[in-house]
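K.L.:
Dropping a structure here in structure tokens format, bear with me for questions.
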Amino acid sequence: MLAYTLLILLAGGLQALAAHVQVTWDIGYLNISRDGLSTWQAIGANGQLPIPPIYVTQGDILELTAINHLDKPVTLHTHGLFQRNSSYYDGAGMVTECGIPPGSQFTYIIETRNQSGTHWVHSHYGPEAIDGLRAALVIRDLDPKLLDEYDEDVLLTLEDWGQEPSNAMLERMKTTSL
């Protein structure tokens with residue numbers, strides 16, 4: 001009985017240590033040149049591209065507010081995370097939500113209890129992820145044994161930019177046979 005009580009107190013104590021991490025993405029168009037030859041319209045957050053990674057600790061609650069300044073709806077999907085009892089925050093456009101209309105905002109509440117690792121947040125409404133609306137989401141594990149297994153944690157994200165806008169590329173792919 002004492003062990004069970006200590007376990008309950010420990011679990012409650014760890015939950016009390018959990019933080020509410022608030023991140024706001026002011027989503028809008030950016031004109032960029034990735035190849036030094038031509039300028040493309042990309043999508044970033046807070047005037048940045050690439051969008052900086054989001055770091056939280058296992059058990060934290062991430063409140064990700066998306067403010068849509070695009071001329072089309074947008075959603076955000078936390079790729080690789082379980083959405084137990086919160087599928088309405090999954091961000092799958094026209095599946096779990098209709099999308100955030102232009103000029104509107106929505107706050108995703110993402111619980112990280114029992115989840116850790118490197119994931120990513122990306123648009124899931126159209127080709128916006130191709131155009132830059134994506135970022136790494138790192139959930140640090142609470143297990144102290146893991147800290148002794150490596151010297152440093154390095155996050156490396158890669159991107160591939162085409163020579164045409166994503167909408168044109170997708171239309172070409174639909175009409176071209178393999």
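By order in the structure tokens, chains are A, B, ...; within a chain, residues start at 1; ligands start at 1, following the order shown.
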Using only C-alpha atoms, determine which residues lie at most 12 Å from Ser33 (chain A), disregarding the query and same-chain residues fewer than 3 positions distant; provide the list as number ranges by chain.

P.N.:
A: 30, 36-42, 49, 161-163

K.L.:
Store the residues picked out above in a file with N, CA, C and O atoms, as a PDB file, in the first residue's frame.

P.N.:
ATOM      1  N   LEU A  30       6.531  34.313 -47.871  1.00  0.00           N
ATOM      2  CA  LEU A  30       7.845  34.937 -47.905  1.00  0.00           C
ATOM      3  C   LEU A  30       8.406  34.773 -49.309  1.00  0.00           C
ATOM      4  O   LEU A  30       8.222  33.729 -49.941  1.00  0.00           O
ATOM      5  N   GLY A  36      19.790  31.119 -55.595  1.00  0.00           N
ATOM      6  CA  GLY A  36      20.534  32.308 -55.978  1.00  0.00           C
ATOM      7  C   GLY A  36      20.202  32.800 -57.375  1.00  0.00           C
ATOM      8  O   GLY A  36      20.749  33.808 -57.825  1.00  0.00           O
ATOM      9  N   LEU A  37      19.305  32.115 -58.072  1.00  0.00           N
ATOM     10  CA  LEU A  37      18.958  32.487 -59.435  1.00  0.00           C
ATOM     11  C   LEU A  37      17.562  33.082 -59.552  1.00  0.00           C
ATOM     12  O   LEU A  37      17.339  34.015 -60.301  1.00  0.00           O
ATOM     13  N   SER A  38      16.624  32.497 -58.816  1.00  0.00           N
ATOM     14  CA  SER A  38      15.251  32.958 -58.940  1.00  0.00           C
ATOM     15  C   SER A  38      14.621  33.099 -57.560  1.00  0.00           C
ATOM     16  O   SER A  38      15.085  32.530 -56.587  1.00  0.00           O
ATOM     17  N   THR A  39      13.559  33.890 -57.518  1.00  0.00           N
ATOM     18  CA  THR A  39      12.844  34.129 -56.265  1.00  0.00           C
ATOM     19  C   THR A  39      11.533  33.356 -56.306  1.00  0.00           C
ATOM     20  O   THR A  39      10.833  33.353 -57.320  1.00  0.00           O
ATOM     21  N   TRP A  40      11.221  32.699 -55.198  1.00  0.00           N
ATOM     22  CA  TRP A  40      10.016  31.898 -55.088  1.00  0.00           C
ATOM     23  C   TRP A  40       9.191  32.378 -53.911  1.00  0.00           C
ATOM     24  O   TRP A  40       9.729  32.902 -52.942  1.00  0.00           O
ATOM     25  N   GLN A  41       7.898  32.117 -53.999  1.00  0.00           N
ATOM     26  CA  GLN A  41       7.020  32.394 -52.869  1.00  0.00           C
ATOM     27  C   GLN A  41       6.990  31.152 -51.994  1.00  0.00           C
ATOM     28  O   GLN A  41       6.591  30.078 -52.436  1.00  0.00           O
ATOM     29  N   ALA A  42       7.452  31.298 -50.782  1.00  0.00           N
ATOM     30  CA  ALA A  42       7.471  30.198 -49.820  1.00  0.00           C
ATOM     31  C   ALA A  42       6.534  30.553 -48.670  1.00  0.00           C
ATOM     32  O   ALA A  42       5.948  31.636 -48.643  1.00  0.00           O
ATOM     33  N   LEU A  49      12.186  31.354 -42.296  1.00  0.00           N
ATOM     34  CA  LEU A  49      12.247  30.118 -43.039  1.00  0.00           C
ATOM     35  C   LEU A  49      13.721  29.719 -43.127  1.00  0.00           C
ATOM     36  O   LEU A  49      14.515  30.532 -43.592  1.00  0.00           O
ATOM     37  N   TRP A 161      14.352  21.852 -52.617  1.00  0.00           N
ATOM     38  CA  TRP A 161      13.567  22.867 -53.304  1.00  0.00           C
ATOM     39  C   TRP A 161      13.578  22.602 -54.791  1.00  0.00           C
ATOM     40  O   TRP A 161      14.621  22.365 -55.391  1.00  0.00           O
ATOM     41  N   GLY A 162      12.403  22.642 -55.402  1.00  0.00           N
ATOM     42  CA  GLY A 162      12.290  22.451 -56.840  1.00  0.00           C
ATOM     43  C   GLY A 162      12.476  23.762 -57.582  1.00  0.00           C
ATOM     44  O   GLY A 162      12.722  24.810 -56.989  1.00  0.00           O
ATOM     45  N   GLN A 163      12.343  23.694 -58.893  1.00  0.00           N
ATOM     46  CA  GLN A 163      12.500  24.878 -59.720  1.00  0.00           C
ATOM     47  C   GLN A 163      11.157  25.423 -60.196  1.00  0.00           C
ATOM     48  O   GLN A 163      11.113  26.179 -61.162  1.00  0.00           O
TER      49      GLN A 163
END

K.L.:
Might you pull out every residue within 8 Å of Ser116 (chain A), with only C-alpha atoms counted and same-chain residues fewer than 5 positions away left off, and present them as JSON, numbers by chain?

P.N.:
{"A": [57, 58, 138, 139, 140, 141]}

K.L.:
Mind writing the picked residues with C-alpha atoms as a PDB file, in the first residue's frame?

P.N.:
ATOM      1  CA  THR A  57       9.994  17.904 -22.405  1.00  0.00           C
ATOM      2  CA  GLN A  58       8.016  14.703 -22.065  1.00  0.00           C
ATOM      3  CA  VAL A 138      11.742  17.555 -30.239  1.00  0.00           C
ATOM      4  CA  ILE A 139      10.270  15.971 -27.110  1.00  0.00           C
ATOM      5  CA  ARG A 140      13.043  15.352 -24.582  1.00  0.00           C
ATOM      6  CA  ASP A 141      12.682  12.083 -22.682  1.00  0.00           C
TER       7      ASP A 141
END

K.L.:
Write out as a list in words the residues lying within 10 Å of Tyr29 (chain A), counting only C-alpha atoms and excluding same-chain residues fewer than 4 positions away.

P.N.:
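Contacts, in chain order: Trp40, Gln41, Ala42, Ile43, Gly44, Ala45, Gly47, Gln48, His69, Leu70, Asp71, Asp131, Gly132 and Leu133 of chain A.
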
K.L.:
Pick from A:Phe82, A:Asn68, A:Glu111, A:Asp35: nearest to Ala18 (chain A), with only C-alpha atoms counted?

P.N.:
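Closest residue, counting only C-alpha atoms: A:Glu111.
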
K.L.:
What does the structure give for the distance between CA of Pro144 (chain A) and CA of Leu158 (chain A), in Å to one decimal?

P.N.:
29.2 Å

K.L.:
Using backbone DSSP assignments, extract all alpha helix (DSSP H) residues from chain A; output them as a count of residues only.

P.N.:
30

K.L.:
Would you please extract all strand (DSSP E) residues from chain A, as assigned by DSSP on the backbone, and give them as JSON, numbers by chain?

P.N.:
{"A": [20, 21, 22, 23, 24, 25, 26, 27, 28, 29, 30, 31, 32, 40, 41, 42, 43, 44, 45, 54, 55, 56, 57, 61, 62, 63, 64, 65, 66, 67, 68, 76, 77, 78, 79, 105, 106, 107, 108, 109, 110, 111, 117, 118, 119, 120, 121, 122, 123, 134, 135, 136, 137, 138, 139, 140]}

K.L.:
How far is it from CA of Asn167 (chain A) to CA of Pro127 (chain A), in Å with one decimal?

P.N.:
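Interatomic distance, CA of Asn167 (chain A) to CA of Pro127 (chain A): 6.9 Å.
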
K.L.:
Taking only C-alpha atoms into account, which of A:Leu76, A:Ile67, A:Val154, A:Leu146 comes nearest Ile109 (chain A)?

P.N.:
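Looking at the shortest contact to Ile109 (chain A), the residue is A:Leu76.
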
K.L.:
Restricting the calculation to only C-alpha atoms: of A:Thr78, A:Ser123, A:Thr118, A:Asn31, which residue gets closest to Pro165 (chain A)?

P.N.:
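Among the listed residues, the smallest separation from Pro165 (chain A) belongs to A:Asn31.
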
K.L.:
Within 8 Å of Phe106 (chain A), counting only C-alpha atoms, which residues show up once you throw out same-chain ones fewer than 4 positions away? Write them as a count of residues only, please.

P.N.:
4

K.L.:
So, with only C-alpha atoms as the atoms that count, which of A:Gly117, A:Asp148, A:Ala19, A:Pro50 lies closest to Arg34 (chain A)?

P.N.:
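Using only C-alpha atoms, the shortest distance to Arg34 (chain A) belongs to A:Pro50.
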
K.L.:
Rank A:Glu128, A:Asp143, A:Asp26, A:Asp153 by their smallest atom-to-atom distance to Val74 (chain A), using only C-alpha atoms, and report the top residue only.

P.N.:
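Among the listed residues, A:Glu128 lies closest to Val74 (chain A).
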
K.L.:
Determine the nearest neighbour of Leu62 (chain A) from the options A:Leu147, A:Ala168, A:Val23, A:Cys98, counting only C-alpha atoms.

P.N.:
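Among the listed residues, the smallest separation from Leu62 (chain A) belongs to A:Val23.
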